[in-house]
Amino acid sequence: MFLIGQYDSPFVRRVAIALRLYDLPFEHRPWSTFGDADKIAPYNPLRRVPTLVLDGGEALIESMAILDYLDELACPDKALIAPRGPERRHALRICALAMGLGDKSVSLLYERVLRKDALKLWVERCESQIGGVLAVLEKERAAVKTPYWFGERIGHADIAVACVLRMCREAHPGLFDAARYPALTAHAARCEALPPFQEIVQPLAPPKG
Ligand SMILES: N[C@@H](CCC(=O)N[C@@H](CS)C(=O)NCC(=O)O)C(=O)O
């Protein structure tokens with residue numbers, strides 16, 4: 001199977017890191033959503049990434065749906081999320097907040113680089129959504145005393161938060177003050193020190209307007 005998308009996307013990066021942690025072999029096609037849109041289109045008419053193309057040719061889209069499939073393939077002892085129950089719901093909520101933060105960070109980035117004059121209303125809305133989610137994630141992470149969100153082992157929630165924090169900090173340095181978010185800063189540092197995070201990484205390359 002091959003994974004389409006560049007690793008400066010938190011959505012693509014979290015999928016690639018999950019593939020690595022699950023020991024699932026894959027090829028990487030680092031196609032750009034803007035520069036390589038025509039190459040992506042046959043697999044995903046939205047021309048978005050991540051897109052995961054399976055060996056039989058089936059193309060999976062949306063990071064949550066792709067991870068749902070990877071969870072099916074993985075050995076239960078390597079599971080990156082609880083199979084059911086309150087812990088699963090809690091993990092999915094953290095993932096949704098992280099990915100929503102990713103959506104808003106991407107929207108704000110596009111607004112800033114693709115428009116001649118960014119729309120103040122939209123910029124302020126995205127900034128307050130980003131700030132609101134960071135505050136909630138900081139509070140929740142600070143309340144957790146284990147190395148990872150749900151204990152001793154890394155899971156999807158940890159990966160999602162770490163990937164999105166990296167992108168958010170690179171794209172919008174003014175919105176992330178490490179002193180204000182110490183638990184999230186420590187969380188990101190712990191994850192980024194792990195081999196798959198060190199291997200699967202790419203500095204942010206925003207599209208050009
Ligand atoms: N909800 C999607 C979001 C993916 C996403 O926003 N990808 C960005 C790259 S970071 C993209 O494809 N942007 C191009 C576009 O939306 O036109 C997911 O979770 O897979």
# chains A, B, ... in the order shown; residues from 1 in each chain; ligands from 1
>>> residues_near_ligand(ligand="ligand 1", cutoff="7 Å", atoms="only C-alpha atoms and all ligand atoms", output="PyMOL selection string")
chain A and resi 9-11+33+46-50+61-64+99+103+106
>>> residues_around(residues="range 160-167 of chain A", least_positions_apart="5", cutoff="10 Å", atoms="only C-alpha atoms", output="VMD selection string")
chain A and resid 7 to 15 17 to 18 94 to 103 105 to 106 134 137 149 155 172 to 173 176 184 to 192 197 201 to 204
>>> closest_residue(among="A:Arg141, A:Lys39, A:Arg115, A:Arg20", to="Asp158 in chain A", atoms="only C-alpha atoms")
A:Arg141
>>> select_by_dssp(residues="chain A", states="strand (DSSP E)", output="list in words")
Phe2, Leu3, Ile4, Glu27, His28, Arg29, Thr51, Leu52, Val53, Ala59, Leu60 and Ile61 of chain A
>>> write_last_selection(atoms="all heavy atoms", output="tab-separated table (two decimals), in the first residue's frame")
chain	number	residue	atom	x	y	z
A	2	PHE	N	0.29	2.34	-0.49
A	2	PHE	CA	1.08	3.58	-0.42
A	2	PHE	C	0.26	4.73	0.15
A	2	PHE	O	-0.94	4.82	-0.04
A	2	PHE	CB	1.73	3.93	-1.77
A	2	PHE	CG	0.81	4.11	-2.93
A	2	PHE	CD1	0.27	5.37	-3.22
A	2	PHE	CD2	0.51	3.06	-3.79
A	2	PHE	CE1	-0.56	5.56	-4.32
A	2	PHE	CE2	-0.32	3.24	-4.89
A	2	PHE	CZ	-0.86	4.49	-5.15
A	3	LEU	N	1.00	5.57	0.87
A	3	LEU	CA	0.40	6.72	1.56
A	3	LEU	C	0.77	7.98	0.79
A	3	LEU	O	1.94	8.28	0.58
A	3	LEU	CB	0.96	6.80	2.99
A	3	LEU	CG	0.51	8.00	3.82
A	3	LEU	CD1	-1.00	7.97	4.09
A	3	LEU	CD2	1.28	8.05	5.15
A	4	ILE	N	-0.28	8.70	0.38
A	4	ILE	CA	-0.07	9.95	-0.36
A	4	ILE	C	-0.15	11.12	0.61
A	4	ILE	O	-1.09	11.22	1.41
A	4	ILE	CB	-1.15	10.12	-1.45
A	4	ILE	CG1	-1.12	8.93	-2.43
A	4	ILE	CG2	-0.96	11.44	-2.19
A	4	ILE	CD1	-2.25	8.96	-3.45
A	27	GLU	N	4.60	2.28	1.18
A	27	GLU	CA	5.44	3.21	0.41
A	27	GLU	C	4.89	4.61	0.65
A	27	GLU	O	3.70	4.77	0.92
A	27	GLU	CB	5.32	2.92	-1.09
A	27	GLU	CG	6.06	1.69	-1.55
A	27	GLU	CD	5.71	1.38	-3.00
A	27	GLU	OE1	5.53	2.34	-3.80
A	27	GLU	OE2	5.59	0.19	-3.31
A	28	HIS	N	5.76	5.57	0.48
A	28	HIS	CA	5.33	6.96	0.70
A	28	HIS	C	5.40	7.72	-0.62
A	28	HIS	O	6.41	7.71	-1.31
A	28	HIS	CB	6.25	7.63	1.72
A	28	HIS	CG	5.85	9.02	2.06
A	28	HIS	ND1	6.73	10.00	2.40
A	28	HIS	CD2	4.62	9.60	2.10
A	28	HIS	CE1	6.08	11.12	2.64
A	28	HIS	NE2	4.81	10.90	2.47
A	29	ARG	N	4.29	8.36	-0.98
A	29	ARG	CA	4.28	9.25	-2.16
A	29	ARG	C	4.07	10.67	-1.63
A	29	ARG	O	2.91	11.05	-1.32
A	29	ARG	CB	3.14	8.89	-3.13
A	29	ARG	CG	3.08	7.43	-3.51
A	29	ARG	CD	3.82	7.13	-4.82
A	29	ARG	NE	4.09	5.69	-4.90
A	29	ARG	CZ	3.39	4.81	-5.59
A	29	ARG	NH1	2.37	5.21	-6.30
A	29	ARG	NH2	3.73	3.53	-5.61
A	51	THR	N	-4.26	10.18	1.75
A	51	THR	CA	-5.00	9.18	1.00
A	51	THR	C	-4.15	7.91	1.06
A	51	THR	O	-2.94	7.98	0.79
A	51	THR	CB	-5.20	9.65	-0.45
A	51	THR	OG1	-6.02	10.83	-0.45
A	51	THR	CG2	-5.89	8.58	-1.29
A	52	LEU	N	-4.75	6.82	1.45
A	52	LEU	CA	-4.01	5.55	1.56
A	52	LEU	C	-4.54	4.61	0.49
A	52	LEU	O	-5.74	4.29	0.50
A	52	LEU	CB	-4.18	4.92	2.95
A	52	LEU	CG	-3.37	3.64	3.17
A	52	LEU	CD1	-1.87	3.95	3.32
A	52	LEU	CD2	-3.85	2.90	4.42
A	53	VAL	N	-3.66	4.18	-0.41
A	53	VAL	CA	-4.08	3.30	-1.51
A	53	VAL	C	-3.64	1.88	-1.17
A	53	VAL	O	-2.44	1.60	-0.98
A	53	VAL	CB	-3.49	3.77	-2.86
A	53	VAL	CG1	-4.00	2.89	-4.00
A	53	VAL	CG2	-3.85	5.25	-3.11
A	59	ALA	N	-8.82	3.09	-2.53
A	59	ALA	CA	-8.21	4.27	-1.91
A	59	ALA	C	-9.04	4.70	-0.70
A	59	ALA	O	-10.24	4.94	-0.81
A	59	ALA	CB	-8.13	5.40	-2.92
A	60	LEU	N	-8.38	4.80	0.45
A	60	LEU	CA	-9.05	5.25	1.66
A	60	LEU	C	-8.74	6.72	1.88
A	60	LEU	O	-7.60	7.15	1.69
A	60	LEU	CB	-8.55	4.45	2.88
A	60	LEU	CG	-8.63	2.93	2.80
A	60	LEU	CD1	-8.23	2.33	4.15
A	60	LEU	CD2	-10.02	2.46	2.40
A	61	ILE	N	-9.76	7.47	2.28
A	61	ILE	CA	-9.57	8.90	2.53
A	61	ILE	C	-10.06	9.25	3.94
A	61	ILE	O	-10.82	8.47	4.53
A	61	ILE	CB	-10.28	9.77	1.47
A	61	ILE	CG1	-11.81	9.54	1.49
A	61	ILE	CG2	-9.76	9.45	0.08
A	61	ILE	CD1	-12.57	10.50	0.60
>>> atom_distance(atom1="CA of Leu73 in chain A", atom2="CA of Asp23 in chain A")
10.3 Å
>>> closest_atom_pairs(of="range 94-162 of chain A", to="range 80-86 of chain A", cutoff="9 Å", atoms="only C-alpha atoms", output="CSV")
residue,atom,partner,partner_atom,distance
A:Phe150,CA,A:Ile81,CA,8.9
A:Arg153,CA,A:Leu80,CA,8.3
A:Ile154,CA,A:Leu80,CA,6.8
A:Gly155,CA,A:Leu80,CA,4.1
A:His156,CA,A:Leu80,CA,5.4
A:Ala157,CA,A:Ile81,CA,8.0
>>> select_by_dssp(residues="range 4-175 of chain A", states="alpha helix (DSSP H)", output="ChimeraX atom specification")
/A:10-21,37-40,63-73,85-114,120-142,156-171
>>> closest_residue(among="A:Tyr148, A:Tyr110, A:Tyr43, A:Tyr22", to="Trp122 in chain A", atoms="only C-alpha atoms")
A:Tyr110
>>> closest_residue(among="A:Leu21, A:Cys75, A:Leu92, A:Ala142", to="Pro195 in chain A", atoms="only C-alpha atoms")
A:Leu21
>>> closest_residue(among="A:Leu70, A:Ala171, A:Ala65, A:Ala135", to="Leu108 in chain A", atoms="only C-alpha atoms")
A:Ala171
>>> closest_residue(among="A:Leu119, A:Leu19, A:Leu175, A:Val113", to="Asp71 in chain A", atoms="only C-alpha atoms")
A:Leu19
>>> decode(residues="range 29-43 of chain A", atoms="all heavy atoms", output="PDB file, in the first residue's frame")
ATOM      1  N   ARG A  29       4.294   8.364  -0.983  1.00  0.00           N
ATOM      2  CA  ARG A  29       4.277   9.252  -2.162  1.00  0.00           C
ATOM      3  C   ARG A  29       4.067  10.669  -1.631  1.00  0.00           C
ATOM      4  O   ARG A  29       2.912  11.046  -1.318  1.00  0.00           O
ATOM      5  CB  ARG A  29       3.142   8.894  -3.127  1.00  0.00           C
ATOM      6  CG  ARG A  29       3.083   7.431  -3.510  1.00  0.00           C
ATOM      7  CD  ARG A  29       3.822   7.130  -4.822  1.00  0.00           C
ATOM      8  NE  ARG A  29       4.091   5.695  -4.899  1.00  0.00           N
ATOM      9  CZ  ARG A  29       3.394   4.812  -5.591  1.00  0.00           C
ATOM     10  NH1 ARG A  29       2.371   5.212  -6.299  1.00  0.00           N
ATOM     11  NH2 ARG A  29       3.727   3.529  -5.607  1.00  0.00           N
ATOM     12  N   PRO A  30       5.137  11.439  -1.486  1.00  0.00           N
ATOM     13  CA  PRO A  30       5.027  12.760  -0.852  1.00  0.00           C
ATOM     14  C   PRO A  30       4.500  13.832  -1.812  1.00  0.00           C
ATOM     15  O   PRO A  30       5.153  14.838  -2.079  1.00  0.00           O
ATOM     16  CB  PRO A  30       6.465  13.050  -0.418  1.00  0.00           C
ATOM     17  CG  PRO A  30       7.314  12.283  -1.368  1.00  0.00           C
ATOM     18  CD  PRO A  30       6.525  11.083  -1.826  1.00  0.00           C
ATOM     19  N   TRP A  31       3.310  13.583  -2.324  1.00  0.00           N
ATOM     20  CA  TRP A  31       2.736  14.516  -3.297  1.00  0.00           C
ATOM     21  C   TRP A  31       2.109  15.696  -2.566  1.00  0.00           C
ATOM     22  O   TRP A  31       1.453  15.550  -1.525  1.00  0.00           O
ATOM     23  CB  TRP A  31       1.676  13.812  -4.155  1.00  0.00           C
ATOM     24  CG  TRP A  31       2.241  12.716  -5.014  1.00  0.00           C
ATOM     25  CD1 TRP A  31       3.553  12.546  -5.390  1.00  0.00           C
ATOM     26  CD2 TRP A  31       1.533  11.622  -5.588  1.00  0.00           C
ATOM     27  NE1 TRP A  31       3.688  11.417  -6.161  1.00  0.00           N
ATOM     28  CE2 TRP A  31       2.472  10.829  -6.299  1.00  0.00           C
ATOM     29  CE3 TRP A  31       0.187  11.224  -5.583  1.00  0.00           C
ATOM     30  CZ2 TRP A  31       2.107   9.679  -6.997  1.00  0.00           C
ATOM     31  CZ3 TRP A  31      -0.169  10.070  -6.274  1.00  0.00           C
ATOM     32  CH2 TRP A  31       0.781   9.308  -6.975  1.00  0.00           C
ATOM     33  N   SER A  32       2.288  16.865  -3.178  1.00  0.00           N
ATOM     34  CA  SER A  32       1.767  18.107  -2.597  1.00  0.00           C
ATOM     35  C   SER A  32       0.319  18.320  -3.044  1.00  0.00           C
ATOM     36  O   SER A  32      -0.017  18.104  -4.214  1.00  0.00           O
ATOM     37  CB  SER A  32       2.650  19.259  -3.085  1.00  0.00           C
ATOM     38  OG  SER A  32       1.917  20.444  -3.158  1.00  0.00           O
ATOM     39  N   THR A  33      -0.531  18.769  -2.109  1.00  0.00           N
ATOM     40  CA  THR A  33      -1.958  18.938  -2.453  1.00  0.00           C
ATOM     41  C   THR A  33      -2.155  20.009  -3.523  1.00  0.00           C
ATOM     42  O   THR A  33      -3.115  19.954  -4.275  1.00  0.00           O
ATOM     43  CB  THR A  33      -2.787  19.336  -1.215  1.00  0.00           C
ATOM     44  OG1 THR A  33      -2.112  20.383  -0.529  1.00  0.00           O
ATOM     45  CG2 THR A  33      -2.992  18.166  -0.301  1.00  0.00           C
ATOM     46  N   PHE A  34      -1.252  20.972  -3.572  1.00  0.00           N
ATOM     47  CA  PHE A  34      -1.389  22.025  -4.586  1.00  0.00           C
ATOM     48  C   PHE A  34      -0.584  21.647  -5.835  1.00  0.00           C
ATOM     49  O   PHE A  34      -1.151  21.487  -6.915  1.00  0.00           O
ATOM     50  CB  PHE A  34      -0.954  23.384  -4.007  1.00  0.00           C
ATOM     51  CG  PHE A  34      -2.020  23.961  -3.101  1.00  0.00           C
ATOM     52  CD1 PHE A  34      -2.143  23.527  -1.792  1.00  0.00           C
ATOM     53  CD2 PHE A  34      -2.913  24.906  -3.569  1.00  0.00           C
ATOM     54  CE1 PHE A  34      -3.136  24.028  -0.959  1.00  0.00           C
ATOM     55  CE2 PHE A  34      -3.920  25.419  -2.746  1.00  0.00           C
ATOM     56  CZ  PHE A  34      -4.020  24.987  -1.443  1.00  0.00           C
ATOM     57  N   GLY A  35       0.725  21.430  -5.689  1.00  0.00           N
ATOM     58  CA  GLY A  35       1.587  21.150  -6.845  1.00  0.00           C
ATOM     59  C   GLY A  35       1.262  19.838  -7.547  1.00  0.00           C
ATOM     60  O   GLY A  35       1.449  19.726  -8.766  1.00  0.00           O
ATOM     61  N   ASP A  36       0.807  18.837  -6.808  1.00  0.00           N
ATOM     62  CA  ASP A  36       0.570  17.504  -7.398  1.00  0.00           C
ATOM     63  C   ASP A  36      -0.911  17.123  -7.372  1.00  0.00           C
ATOM     64  O   ASP A  36      -1.235  15.922  -7.379  1.00  0.00           O
ATOM     65  CB  ASP A  36       1.372  16.441  -6.628  1.00  0.00           C
ATOM     66  CG  ASP A  36       2.860  16.705  -6.661  1.00  0.00           C
ATOM     67  OD1 ASP A  36       3.399  16.943  -7.757  1.00  0.00           O
ATOM     68  OD2 ASP A  36       3.493  16.671  -5.590  1.00  0.00           O
ATOM     69  N   ALA A  37      -1.785  18.112  -7.376  1.00  0.00           N
ATOM     70  CA  ALA A  37      -3.231  17.824  -7.259  1.00  0.00           C
ATOM     71  C   ALA A  37      -3.708  16.864  -8.347  1.00  0.00           C
ATOM     72  O   ALA A  37      -4.552  15.989  -8.082  1.00  0.00           O
ATOM     73  CB  ALA A  37      -4.021  19.130  -7.321  1.00  0.00           C
ATOM     74  N   ASP A  38      -3.160  16.979  -9.547  1.00  0.00           N
ATOM     75  CA  ASP A  38      -3.605  16.103 -10.638  1.00  0.00           C
ATOM     76  C   ASP A  38      -3.193  14.649 -10.422  1.00  0.00           C
ATOM     77  O   ASP A  38      -3.846  13.730 -10.915  1.00  0.00           O
ATOM     78  CB  ASP A  38      -3.050  16.593 -11.988  1.00  0.00           C
ATOM     79  CG  ASP A  38      -3.685  17.913 -12.396  1.00  0.00           C
ATOM     80  OD1 ASP A  38      -4.717  18.274 -11.791  1.00  0.00           O
ATOM     81  OD2 ASP A  38      -3.136  18.571 -13.300  1.00  0.00           O
ATOM     82  N   LYS A  39      -2.099  14.450  -9.691  1.00  0.00           N
ATOM     83  CA  LYS A  39      -1.684  13.070  -9.393  1.00  0.00           C
ATOM     84  C   LYS A  39      -2.575  12.472  -8.306  1.00  0.00           C
ATOM     85  O   LYS A  39      -2.852  11.273  -8.283  1.00  0.00           O
ATOM     86  CB  LYS A  39      -0.238  13.063  -8.880  1.00  0.00           C
ATOM     87  CG  LYS A  39       0.811  13.284  -9.927  1.00  0.00           C
ATOM     88  CD  LYS A  39       2.143  12.888  -9.280  1.00  0.00           C
ATOM     89  CE  LYS A  39       3.291  13.625  -9.876  1.00  0.00           C
ATOM     90  NZ  LYS A  39       4.505  13.503  -9.077  1.00  0.00           N
ATOM     91  N   ILE A  40      -3.022  13.316  -7.383  1.00  0.00           N
ATOM     92  CA  ILE A  40      -3.848  12.837  -6.272  1.00  0.00           C
ATOM     93  C   ILE A  40      -5.278  12.545  -6.739  1.00  0.00           C
ATOM     94  O   ILE A  40      -5.916  11.593  -6.278  1.00  0.00           O
ATOM     95  CB  ILE A  40      -3.867  13.886  -5.121  1.00  0.00           C
ATOM     96  CG1 ILE A  40      -2.441  14.128  -4.602  1.00  0.00           C
ATOM     97  CG2 ILE A  40      -4.778  13.443  -3.977  1.00  0.00           C
ATOM     98  CD1 ILE A  40      -2.317  15.296  -3.618  1.00  0.00           C
ATOM     99  N   ALA A  41      -5.758  13.345  -7.685  1.00  0.00           N
ATOM    100  CA  ALA A  41      -7.175  13.290  -8.095  1.00  0.00           C
ATOM    101  C   ALA A  41      -7.685  11.889  -8.467  1.00  0.00           C
ATOM    102  O   ALA A  41      -8.807  11.533  -8.079  1.00  0.00           O
ATOM    103  CB  ALA A  41      -7.420  14.272  -9.238  1.00  0.00           C
ATOM    104  N   PRO A  42      -6.923  11.068  -9.202  1.00  0.00           N
ATOM    105  CA  PRO A  42      -7.464   9.737  -9.533  1.00  0.00           C
ATOM    106  C   PRO A  42      -7.746   8.874  -8.298  1.00  0.00           C
ATOM    107  O   PRO A  42      -8.573   7.964  -8.350  1.00  0.00           O
ATOM    108  CB  PRO A  42      -6.359   9.093 -10.383  1.00  0.00           C
ATOM    109  CG  PRO A  42      -5.514  10.225 -10.861  1.00  0.00           C
ATOM    110  CD  PRO A  42      -5.617  11.308  -9.823  1.00  0.00           C
ATOM    111  N   TYR A  43      -7.061   9.169  -7.205  1.00  0.00           N
ATOM    112  CA  TYR A  43      -7.254   8.382  -5.981  1.00  0.00           C
ATOM    113  C   TYR A  43      -8.234   9.053  -5.028  1.00  0.00           C
ATOM    114  O   TYR A  43      -8.875   8.393  -4.217  1.00  0.00           O
ATOM    115  CB  TYR A  43      -5.916   8.183  -5.251  1.00  0.00           C
ATOM    116  CG  TYR A  43      -4.880   7.497  -6.093  1.00  0.00           C
ATOM    117  CD1 TYR A  43      -3.864   8.219  -6.713  1.00  0.00           C
ATOM    118  CD2 TYR A  43      -4.949   6.126  -6.315  1.00  0.00           C
ATOM    119  CE1 TYR A  43      -2.918   7.587  -7.504  1.00  0.00           C
ATOM    120  CE2 TYR A  43      -4.013   5.483  -7.109  1.00  0.00           C
ATOM    121  CZ  TYR A  43      -3.001   6.225  -7.700  1.00  0.00           C
ATOM    122  OH  TYR A  43      -2.085   5.594  -8.492  1.00  0.00           O
TER     123      TYR A  43
END
